[in-house]
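Here's final-v9.cif, which has mmCIF, C-alpha atoms:
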data_run
loop_
_atom_site.group_PDB
_atom_site.id
_atom_site.type_symbol
_atom_site.label_atom_id
_atom_site.label_comp_id
_atom_site.auth_asym_id
_atom_site.auth_seq_id
_atom_site.Cartn_x
_atom_site.Cartn_y
_atom_site.Cartn_z
ATOM 1 C CA MET A 278 74.894 91.710 104.768
ATOM 2 C CA VAL A 279 73.417 88.249 105.322
ATOM 3 C CA ASN A 280 70.261 87.440 103.341
ATOM 4 C CA LYS A 281 67.398 85.084 104.203
ATOM 5 C CA GLU A 282 69.283 82.019 103.035
ATOM 6 C CA GLY A 283 72.159 82.966 105.334
ATOM 7 C CA ARG A 284 74.480 83.812 102.434
ATOM 8 C CA MET A 285 76.378 87.040 101.902
ATOM 9 C CA ALA A 286 74.697 89.223 99.330
ATOM 10 C CA THR A 287 76.542 91.888 97.397
ATOM 11 C CA ILE A 288 74.861 95.227 97.993
ATOM 12 C CA GLU A 289 74.836 97.513 95.022
ATOM 13 C CA ILE A 290 76.538 100.852 95.430
ATOM 14 C CA SER A 291 76.346 104.104 93.525
ATOM 15 C CA CYS A 292 79.053 105.675 91.370
ATOM 16 C CA VAL A 293 79.568 108.423 93.951
ATOM 17 C CA GLU A 294 80.255 105.843 96.654
ATOM 18 C CA VAL A 295 82.679 104.079 94.329
ATOM 19 C CA TRP A 296 84.599 107.283 93.536
ATOM 20 C CA ARG A 297 84.885 108.041 97.225
ATOM 21 C CA GLU A 298 86.723 104.769 97.791
ATOM 22 C CA ILE A 299 88.786 104.473 94.607
ATOM 23 C CA SER A 300 92.021 105.575 96.206
ATOM 24 C CA ASN A 301 91.487 103.308 99.223
ATOM 25 C CA TYR A 302 90.654 100.490 96.823
ATOM 26 C CA LEU A 303 94.016 100.907 95.095
ATOM 27 C CA ASP A 304 95.776 100.970 98.467
ATOM 28 C CA GLU A 305 93.825 97.958 99.716
ATOM 29 C CA GLU A 306 92.537 100.068 102.580
ATOM 30 C CA ILE A 307 88.951 98.820 102.361
ATOM 31 C CA SER A 308 87.013 95.949 103.857
ATOM 32 C CA PRO A 309 86.606 92.735 101.839
ATOM 33 C CA GLU A 310 82.863 93.449 101.624
ATOM 34 C CA MET A 311 83.465 96.884 100.119
ATOM 35 C CA ARG A 312 85.982 95.420 97.687
ATOM 36 C CA GLU A 313 83.412 92.889 96.546
ATOM 37 C CA ARG A 314 80.759 95.554 96.082
ATOM 38 C CA MET A 315 83.122 97.787 94.147
ATOM 39 C CA GLU A 316 84.262 94.959 91.909
ATOM 40 C CA ALA A 317 80.652 94.088 91.122
ATOM 41 C CA HIS A 318 80.087 97.758 90.273
ATOM 42 C CA PHE A 319 83.168 97.973 88.013
ATOM 43 C CA LYS A 320 81.925 94.993 86.026
ATOM 44 C CA ALA A 321 78.759 96.875 85.165
ATOM 45 C CA CYS A 322 79.958 100.490 84.982
ATOM 46 C CA ALA A 323 82.341 101.598 82.248
ATOM 47 C CA HIS A 324 82.644 105.105 83.624
ATOM 48 C CA CYS A 325 83.849 104.017 87.064
ATOM 49 C CA THR A 326 86.202 101.496 85.477
ATOM 50 C CA ALA A 327 87.686 104.339 83.418
ATOM 51 C CA VAL A 328 88.124 106.408 86.577
ATOM 52 C CA LEU A 329 89.778 103.447 88.311
ATOM 53 C CA ASP A 330 92.124 102.708 85.398
ATOM 54 C CA GLY A 331 93.019 106.363 84.996
ATOM 55 C CA THR A 332 93.755 106.752 88.694
ATOM 56 C CA ARG A 333 95.842 103.587 88.750
ATOM 57 C CA ASN A 334 97.729 104.847 85.704
ATOM 58 C CA VAL A 335 98.412 108.197 87.358
ATOM 59 C CA VAL A 336 99.633 106.550 90.573
ATOM 60 C CA GLY A 337 102.004 104.393 88.516
ATOM 61 C CA LEU A 338 103.383 107.380 86.633
ATOM 62 C CA VAL A 339 103.942 109.473 89.751
ATOM 63 C CA GLY A 340 105.736 106.585 91.444
ATOM 64 C CA ASP A 341 108.082 106.114 88.507
ATOM 65 C CA GLY A 342 111.574 107.225 89.498
ATOM 66 C CA ARG A 343 111.976 109.097 86.233
ATOM 67 C CA VAL A 344 109.522 111.853 87.160
ATOM 68 C CA PHE A 345 111.455 113.209 90.123
ATOM 69 C CA GLN A 346 115.035 113.157 89.019
ATOM 70 C CA MET A 347 117.579 114.844 91.206
ATOM 71 C CA PRO A 348 119.473 117.717 89.616
ATOM 72 C CA ASP A 349 122.860 116.732 88.162
ATOM 73 C CA GLY A 350 125.611 116.974 90.739
ATOM 74 C CA PHE A 351 123.193 116.991 93.696
ATOM 75 C CA SER A 352 125.141 114.325 95.613
ATOM 76 C CA LYS A 353 128.477 115.936 94.943
ATOM 77 C CA ARG A 354 127.341 119.343 96.161
ATOM 78 C CA LEU A 355 125.719 117.825 99.247
ATOM 79 C CA TYR A 356 128.887 115.925 100.079
ATOM 80 C CA LYS A 357 130.961 119.091 99.687
ATOM 81 C CA LYS A 358 128.661 120.975 102.054
ATOM 82 C CA LEU A 359 129.068 118.243 104.638
ATOM 83 C CA GLN A 360 132.836 118.336 104.335
ATOM 84 C CA LYS A 361 132.828 122.081 104.898
ATOM 85 C CA LEU A 362 131.099 121.746 108.264
ATOM 86 C CA PRO A 363 133.295 122.915 111.132
ATOM 87 C CA MET B 225 117.041 102.399 98.983
ATOM 88 C CA ARG B 226 118.898 99.515 100.542
ATOM 89 C CA THR B 227 116.639 96.823 99.300
ATOM 90 C CA THR B 228 118.842 93.897 100.286
ATOM 91 C CA ALA B 229 118.659 94.433 104.052
ATOM 92 C CA THR B 230 115.623 93.482 106.120
ATOM 93 C CA PRO B 231 114.070 96.330 108.157
ATOM 94 C CA SER B 232 115.694 95.156 111.380
ATOM 95 C CA GLN B 233 119.094 94.683 109.706
ATOM 96 C CA LEU B 234 118.758 98.145 108.285
ATOM 97 C CA GLN B 235 117.920 99.570 111.688
ATOM 98 C CA THR B 236 120.949 97.908 113.273
ATOM 99 C CA GLU B 237 123.171 99.044 110.437
ATOM 100 C CA GLU B 238 121.881 102.588 110.773
ATOM 101 C CA ALA B 239 122.213 102.550 114.557
ATOM 102 C CA ASN B 240 125.879 101.585 114.124
ATOM 103 C CA LEU B 241 126.404 104.386 111.649
ATOM 104 C CA VAL B 242 124.737 106.875 114.013
ATOM 105 C CA LYS B 243 127.086 105.754 116.790
ATOM 106 C CA ARG B 244 130.102 106.161 114.511
ATOM 107 C CA VAL B 245 129.000 109.678 113.580
ATOM 108 C CA CYS B 246 128.508 110.605 117.223
ATOM 109 C CA ASP B 247 132.043 109.316 117.839
ATOM 110 C CA GLY B 248 133.308 111.795 115.263
ATOM 111 C CA ASP B 249 133.276 109.824 111.997
ATOM 112 C CA ARG B 250 131.822 112.265 109.473
ATOM 113 C CA GLU B 251 132.107 109.859 106.526
ATOM 114 C CA ALA B 252 129.677 107.569 108.344
ATOM 115 C CA PHE B 253 127.076 110.334 108.234
ATOM 116 C CA TYR B 254 127.321 110.555 104.494
ATOM 117 C CA GLU B 255 126.894 106.795 104.311
ATOM 118 C CA LEU B 256 123.786 107.148 106.455
ATOM 119 C CA VAL B 257 122.219 109.827 104.273
ATOM 120 C CA ARG B 258 123.236 108.661 100.799
ATOM 121 C CA PRO B 259 120.433 106.086 100.283
ATOM 122 C CA TYR B 260 117.839 108.754 101.067
ATOM 123 C CA GLU B 261 119.041 111.555 98.807
ATOM 124 C CA ARG B 262 116.191 111.113 96.374
ATOM 125 C CA LEU B 263 113.713 110.843 99.218
ATOM 126 C CA ILE B 264 114.764 114.145 100.750
ATOM 127 C CA TYR B 265 114.950 115.869 97.404
ATOM 128 C CA ALA B 266 111.415 114.756 96.524
ATOM 129 C CA THR B 267 110.182 115.854 99.965
ATOM 130 C CA ALA B 268 111.694 119.280 99.518
ATOM 131 C CA ILE B 269 110.346 119.736 96.017
ATOM 132 C CA SER B 270 106.864 118.720 97.144
ATOM 133 C CA VAL B 271 106.861 121.822 99.310
ATOM 134 C CA VAL B 272 108.944 124.414 97.463
ATOM 135 C CA LYS B 273 108.295 123.274 93.877
ATOM 136 C CA ASN B 274 111.392 124.686 92.196
ATOM 137 C CA PRO B 275 114.505 122.475 91.891
ATOM 138 C CA ALA B 276 117.047 125.070 93.091
ATOM 139 C CA ASP B 277 115.089 125.852 96.273
ATOM 140 C CA ALA B 278 114.445 122.153 96.813
ATOM 141 C CA GLU B 279 118.161 121.405 96.635
ATOM 142 C CA GLU B 280 118.940 124.193 99.058
ATOM 143 C CA ALA B 281 116.271 123.066 101.526
ATOM 144 C CA ALA B 282 117.499 119.465 101.243
ATOM 145 C CA GLN B 283 121.089 120.530 101.933
ATOM 146 C CA GLU B 284 120.055 122.626 104.913
ATOM 147 C CA ALA B 285 118.024 119.718 106.252
ATOM 148 C CA VAL B 286 120.949 117.335 105.970
ATOM 149 C CA LEU B 287 123.236 119.775 107.762
ATOM 150 C CA LYS B 288 120.630 120.206 110.466
ATOM 151 C CA ALA B 289 120.250 116.437 110.780
ATOM 152 C CA PHE B 290 124.006 116.190 111.204
ATOM 153 C CA SER B 291 124.140 118.703 114.036
ATOM 154 C CA ASN B 292 121.089 117.182 115.741
ATOM 155 C CA LEU B 293 121.982 113.553 115.236
ATOM 156 C CA ALA B 294 122.605 113.009 118.940
ATOM 157 C CA GLY B 295 118.910 113.800 119.404
ATOM 158 C CA PHE B 296 117.842 110.953 117.104
ATOM 159 C CA ARG B 297 116.716 108.223 119.481
ATOM 160 C CA GLY B 298 115.846 105.593 116.952
ATOM 161 C CA GLU B 299 112.168 105.691 117.883
ATOM 162 C CA SER B 300 111.257 106.210 114.245
ATOM 163 C CA LYS B 301 113.098 105.066 111.153
ATOM 164 C CA PHE B 302 116.083 107.224 110.312
ATOM 165 C CA SER B 303 114.522 107.992 106.924
ATOM 166 C CA THR B 304 111.293 109.227 108.537
ATOM 167 C CA TRP B 305 113.263 111.457 110.892
ATOM 168 C CA LEU B 306 115.260 112.853 107.969
ATOM 169 C CA VAL B 307 112.142 113.440 105.878
ATOM 170 C CA GLN B 308 110.487 115.211 108.810
ATOM 171 C CA ILE B 309 113.440 117.600 109.124
ATOM 172 C CA THR B 310 113.464 118.191 105.372
ATOM 173 C CA TYR B 311 109.749 118.853 105.337
ATOM 174 C CA ASN B 312 110.075 121.445 108.131
ATOM 175 C CA GLU B 313 113.087 123.036 106.475
ATOM 176 C CA ALA B 314 111.259 123.342 103.154
ATOM 177 C CA LYS B 315 108.190 124.788 104.881
ATOM 178 C CA MET B 316 110.392 127.411 106.505
ATOM 179 C CA LYS B 317 111.831 128.294 103.153
ATOM 180 C CA VAL B 318 108.379 128.801 101.693
ATOM 181 C CA ARG B 319 107.422 131.032 104.605
ATOM 182 C CA LYS B 320 110.567 133.102 104.109
ATOM 183 C CA THR B 321 109.953 133.655 100.436
ATOM 184 C CA HIS B 322 106.158 134.051 100.758
ATOM 185 C CA SER B 323 105.780 131.925 97.695
ATOM 186 C CA HIS B 324 102.603 130.445 99.199
ATOM 187 C CA LEU B 325 100.956 133.658 98.036
ATOM 188 C CA TYR B 326 101.397 132.367 94.538
ATOM 189 C CA GLU B 327 99.904 128.938 95.164
ATOM 190 C CA SER B 328 97.632 127.846 92.380
ATOM 191 C CA ILE B 329 94.028 128.673 93.070
ATOM 192 C CA ASP B 330 92.077 125.516 93.711
ATOM 193 C CA ASP B 331 89.349 124.769 91.266
ATOM 194 C CA GLN B 332 85.895 124.281 92.679
ATOM 195 C CA SER B 333 86.088 120.504 92.691
ATOM 196 C CA GLU B 334 88.891 120.745 95.276
ATOM 197 C CA ASN B 335 86.478 121.534 98.079
ATOM 198 C CA GLU B 336 87.603 119.039 100.718
ATOM 199 C CA GLU B 337 84.210 118.964 102.394
ATOM 200 C CA GLY B 338 82.133 117.616 99.553
ATOM 201 C CA ASP B 339 82.488 114.680 97.211
ATOM 202 C CA PHE B 340 84.858 114.838 94.332
ATOM 203 C CA TRP B 341 83.330 114.406 90.914
ATOM 204 C CA PRO B 342 85.865 112.974 88.518
ATOM 205 C CA LYS B 343 85.489 114.390 85.051
ATOM 206 C CA ASP B 344 84.082 112.012 82.510
ATOM 207 C CA TYR B 345 86.511 111.347 79.714
ATOM 208 C CA ALA B 346 84.918 108.667 77.671
ATOM 209 C CA ASP B 347 88.144 107.982 75.811
ATOM 210 C CA TRP B 348 90.606 108.602 78.637
ATOM 211 C CA ARG B 349 93.569 106.612 77.575
ATOM 212 C CA PRO B 350 96.374 105.443 79.833
ATOM 213 C CA ILE B 351 99.798 106.992 79.458
ATOM 214 C CA PRO B 352 102.229 104.063 79.197
ATOM 215 C CA SER B 353 105.084 104.430 81.669
ATOM 216 C CA ASP B 354 107.618 103.846 78.848
ATOM 217 C CA LEU B 355 106.734 107.302 77.606
ATOM 218 C CA LEU B 356 108.393 108.784 80.677
ATOM 219 C CA GLU B 357 111.605 108.352 78.712
ATOM 220 C CA GLN B 358 110.435 111.444 76.847
ATOM 221 C CA LYS B 359 111.287 114.718 78.501
ATOM 222 C CA GLU B 360 108.006 116.392 77.549
ATOM 223 C CA ILE B 361 105.958 113.592 79.132
ATOM 224 C CA ARG B 362 108.021 113.791 82.328
ATOM 225 C CA GLU B 363 107.496 117.536 82.350
ATOM 226 C CA ALA B 364 103.757 117.166 81.788
ATOM 227 C CA VAL B 365 103.476 114.864 84.823
ATOM 228 C CA HIS B 366 105.730 117.153 86.814
ATOM 229 C CA ASN B 367 103.751 120.255 85.925
ATOM 230 C CA ALA B 368 100.482 118.538 86.730
ATOM 231 C CA ILE B 369 101.820 117.631 90.196
ATOM 232 C CA ASN B 370 103.104 121.170 90.695
ATOM 233 C CA SER B 371 99.738 122.615 89.802
ATOM 234 C CA LEU B 372 98.086 120.804 92.735
ATOM 235 C CA SER B 373 97.708 122.903 95.838
ATOM 236 C CA ALA B 374 100.238 122.223 98.595
ATOM 237 C CA VAL B 375 98.044 120.010 100.797
ATOM 238 C CA TYR B 376 97.430 117.584 97.945
ATOM 239 C CA ARG B 377 100.886 117.755 96.419
ATOM 240 C CA GLU B 378 102.639 116.986 99.689
ATOM 241 C CA VAL B 379 100.581 113.947 100.546
ATOM 242 C CA LEU B 380 100.807 112.635 96.984
ATOM 243 C CA ILE B 381 104.587 112.867 96.965
ATOM 244 C CA LEU B 382 104.975 111.266 100.384
ATOM 245 C CA ARG B 383 102.689 108.368 99.526
ATOM 246 C CA ASP B 384 103.009 107.783 95.804
ATOM 247 C CA VAL B 385 106.512 109.018 95.034
ATOM 248 C CA GLN B 386 108.266 108.048 98.227
ATOM 249 C CA CYS B 387 105.960 105.125 99.048
ATOM 250 C CA LEU B 388 105.762 106.038 102.728
ATOM 251 C CA THR B 389 103.064 104.312 104.772
ATOM 252 C CA ILE B 390 99.937 106.168 105.893
ATOM 253 C CA LYS B 391 101.340 106.112 109.426
ATOM 254 C CA GLU B 392 104.612 107.696 108.321
ATOM 255 C CA ALA B 393 102.749 110.342 106.343
ATOM 256 C CA THR B 394 100.569 111.218 109.357
ATOM 257 C CA ALA B 395 103.699 111.661 111.478
ATOM 258 C CA ILE B 396 105.366 113.955 108.949
ATOM 259 C CA LEU B 397 102.360 116.056 108.027
ATOM 260 C CA GLY B 398 100.869 116.148 111.518
ATOM 261 C CA ILE B 399 97.387 115.198 110.273
ATOM 262 C CA SER B 400 95.142 112.195 110.964
ATOM 263 C CA ALA B 401 95.221 108.990 108.931
ATOM 264 C CA ALA B 402 91.706 109.759 107.688
ATOM 265 C CA ASN B 403 92.941 113.127 106.422
ATOM 266 C CA VAL B 404 95.906 111.539 104.679
ATOM 267 C CA LYS B 405 93.546 109.172 102.877
ATOM 268 C CA THR B 406 91.081 111.916 101.895
ATOM 269 C CA ARG B 407 93.786 114.229 100.600
ATOM 270 C CA LEU B 408 95.553 111.452 98.754
ATOM 271 C CA HIS B 409 92.307 110.415 97.140
ATOM 272 C CA ARG B 410 91.616 113.979 96.054
ATOM 273 C CA ALA B 411 95.181 114.429 94.815
ATOM 274 C CA ARG B 412 95.070 111.318 92.667
ATOM 275 C CA LEU B 413 91.724 112.123 91.082
ATOM 276 C CA LEU B 414 92.743 115.716 90.442
ATOM 277 C CA LEU B 415 95.930 114.549 88.818
ATOM 278 C CA ARG B 416 93.994 112.211 86.591
ATOM 279 C CA ASP B 417 91.867 115.147 85.487
ATOM 280 C CA LYS B 418 94.918 117.302 84.937
ATOM 281 C CA LEU B 419 96.652 114.691 82.836
ATOM 282 C CA ALA B 420 93.695 114.282 80.548
ATOM 283 C CA PRO B 421 94.356 115.890 77.193
ATOM 284 C CA GLY B 422 94.045 119.619 76.950
ATOM 285 C CA ILE B 423 92.877 120.142 80.516
ATOM 286 C CA ASP B 424 96.098 121.000 82.285
ATOM 287 C CA GLY B 425 97.612 123.124 79.559
ATOM 288 C CA CYS B 426 100.771 121.015 79.781
ATOM 289 C CA TRP B 427 100.081 119.164 76.604
ATOM 290 C CA ILE B 428 100.791 120.934 73.375
ATOM 291 C CA LYS B 429 98.000 123.447 73.024
ATOM 292 C CA GLY B 430 95.730 123.228 70.028
ATOM 293 C CA GLN B 431 96.839 119.725 69.141
ATOM 294 C CA PRO B 432 94.088 117.265 68.424
ATOM 295 C CA TYR B 433 93.772 114.420 70.911
ATOM 296 C CA ARG B 434 95.327 111.846 68.587
ATOM 297 C CA LYS B 435 98.393 113.976 68.138
ATOM 298 C CA VAL B 436 98.808 114.442 71.856
ATOM 299 C CA ARG B 437 98.566 110.720 72.495
ATOM 300 C CA PRO B 438 99.326 108.912 69.291
ATOM 301 C CA TRP B 439 99.576 105.488 70.959
#

Could I get this file's structure written as C-alpha cells?
Amino acid sequence: MVNKEGRMATIEISCVEVWREISNYLDEEISPEMRERMEAHFKACAHCTAVLDGTRNVVGLVGDGRVFQMPDGFSKRLYKKLQKLP
Amino acid sequence: MRTTATPSQLQTEEANLVKRVCDGDREAFYELVRPYERLIYATAISVVKNPADAEEAAQEAVLKAFSNLAGFRGESKFSTWLVQITYNEAKMKVRKTHSHLYESIDDQSENEEGDFWPKDYADWRPIPSDLLEQKEIREAVHNAINSLSAVYREVLILRDVQCLTIKEATAILGISAANVKTRLHRARLLLRDKLAPGIDGCWIKGQPYRKVRPW
C-alpha cells in the first residue's frame, strides 16, 4: 500500500495470517509485499518464527534421501520382472 | 536423477530411448526407468504405506508403463508420466485391499475448511539432518509421515520428497494448484506437530524431553 508520502508502507499482519502463508513463504509462492510483511512479523514474533523454523526443518528432513530408502534388492527384482516379460 | 543433462537434453535422450524400446530393445527401457526408481517407490509408498505393497505397486506400474510405452507422446516429462501410472496403480492396490478403512483418523485441526493452528512449543528444537543417520530418527520421521491422512501424505511426498513442481503435482493428483498448496501447507504443519517430542508417540515414550533430543 502507498502512504501519503508516496512510499510503500509495511502493513502489519496477524499470526493467523502468517501461519496461513508459511508454506507458501518457504516455497517462494507469495508476492514480494507479503514476504516483506511476513518478515517484519517474524522479527517481532518469536512464536511465528518458531513455527517457521520448525516447518523449514521438517521440510528439510522429509526431503532428505535417507528417509525414503528403497528396500534392498529393489532394482534387481524390478529388472528380473522386466526380463520375464513375454 | 540425471543431474548432468539439461531438461531438453534429457528429453531428447529419453525420446531416443523410447524409440529404441518401441523398436524392440528391452534393455533401453530399463535404462529409461532406472533413474526414477526411487521416485516411483516413494510415490507408491505415499499411497500404500507399507514397503512390500509399495514395491509390488511400483513393479506393476513399471510393467504397465512398458506395455503402454507406445502411448507416451512426450507431452509431459517421462518421469511425470511414470509417476502418474505408479500413483494410479498404488491407488488400485489400496482399493483392492480396503486398507483405506484403516486410515488414521484425522485430528480436529485437520479440518481443511478452517485455519490451521500450529501447536505452540516454546522450546521446539530443530532435528539436525545428520541425525537421520540413526535408524530410530529415520523411523520417527517415517512414522510421522505415515500417520498423516492420505490427502496430506500424498501431496507432501510428491512435493517435498520428490521435489515435483506444483504443476506436476496438480497433474498427478487431479486437483487444483490452490488445493495442492493448501494440502501441502497443512501436511507440513501437521508433521511439525507430530515430530514435536511426545506428541506422535514415535519418540521413546516416557522419556523426558532432554533425553529424546539431547542435542

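Residues matched by the PyMOL selection byres ((chain B) within 7 of (chain A)) in this file: Arg262, Tyr265, Ala266, Gln283, Leu287, Pro350, Ile351, Ser353, Leu356, Arg362, His366, Asp384, Val385, His409, Arg412, Leu413, Leu415 and Arg416 of chain B.
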
- Message: Please list as a VMD selection string every residue within 8 Å of Ala314 (chain B), counting only C-alpha atoms and excluding residues in the same chain fewer than 6 positions away.
- Response: chain B and resid 268 271 to 272 278 281 to 282

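As for CA of Ala401 (chain B) and CA of Gln233 (chain B), they are spaced 27.8 Å apart.
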
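The two atoms in question, CA of Cys387 (chain B) and CA of His318 (chain A), are spaced 28.3 Å apart.
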
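For Lys301 (chain B), the non-local neighbours within 10 Å, defined as residues at least 6 positions apart in the same chain or in other chains and counting all atoms listed in the file, are Pro231, Leu234, Gln235, Glu238, Val307 and Glu392 of chain B.
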
Print the selection's residues with C-alpha atoms to a file, as a PDB file, keeping the file's coordinate frame.
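Ended up saving to part04.pdb:
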ATOM      1  CA  PRO B 231     114.070  96.330 108.157  1.00  0.00           C
ATOM      2  CA  LEU B 234     118.758  98.145 108.285  1.00  0.00           C
ATOM      3  CA  GLN B 235     117.920  99.570 111.688  1.00  0.00           C
ATOM      4  CA  GLU B 238     121.881 102.588 110.773  1.00  0.00           C
ATOM      5  CA  VAL B 307     112.142 113.440 105.878  1.00  0.00           C
ATOM      6  CA  GLU B 392     104.612 107.696 108.321  1.00  0.00           C
TER       7      GLU B 392
END

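Interatomic distance, CA of Val404 (chain B) to CA of Leu256 (chain B): 28.3 Å.
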
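Evaluated against the shown file, the PyMOL selection byres ((chain A and resi 315) around 10) gives A:Thr287, A:Ile288, A:Glu289, A:Ile290, A:Ser291, A:Cys292, A:Glu294, A:Val295, A:Trp296, A:Glu298, A:Ile299, A:Tyr302, A:Pro309, A:Glu310, A:Met311, A:Arg312, A:Glu313, A:Arg314, A:Glu316, A:Ala317, A:His318, A:Phe319, A:Lys320, A:Cys325, A:Thr326.
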
- Task: On this file, the PyMOL selection byres ((chain B and resi 241-247) around 10) gives some set of residues; write that set as number ranges by chain.
- Result: B: 235-240, 248-256, 290-291, 293-294, 296-298, 302

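With distances taken over all atoms listed in the file, B:Glu261 is the one residue among B:Glu261, B:Thr321, B:Lys418, B:Ile390 lying closest to Lys353 (chain A).
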
- Item | Near-Ile399 (chain B) list (12 Å; all atoms listed in the file; drop same-chain fewer than 5 positions) as a ChimeraX atom specification | /B:375,378-379,390-394,404-407

- Query: With only C-alpha atoms as the atoms that count, which of B:Leu382, B:Ile309, B:Val365, B:Ala276 lies nearest to Asp349 (chain A)?
  - Reply: B:Ala276

Find the smallest box with edges along x, y and z containing every listed atom of region 296-308 of chain A, then add 6 Å on each side and report centre and edge lengths in Å to one decimal, as AutoDock Vina command-line options.
--center_x 90.2 --center_y 102.0 --center_z 98.7 --size_x 23.2 --size_y 24.1 --size_z 22.3
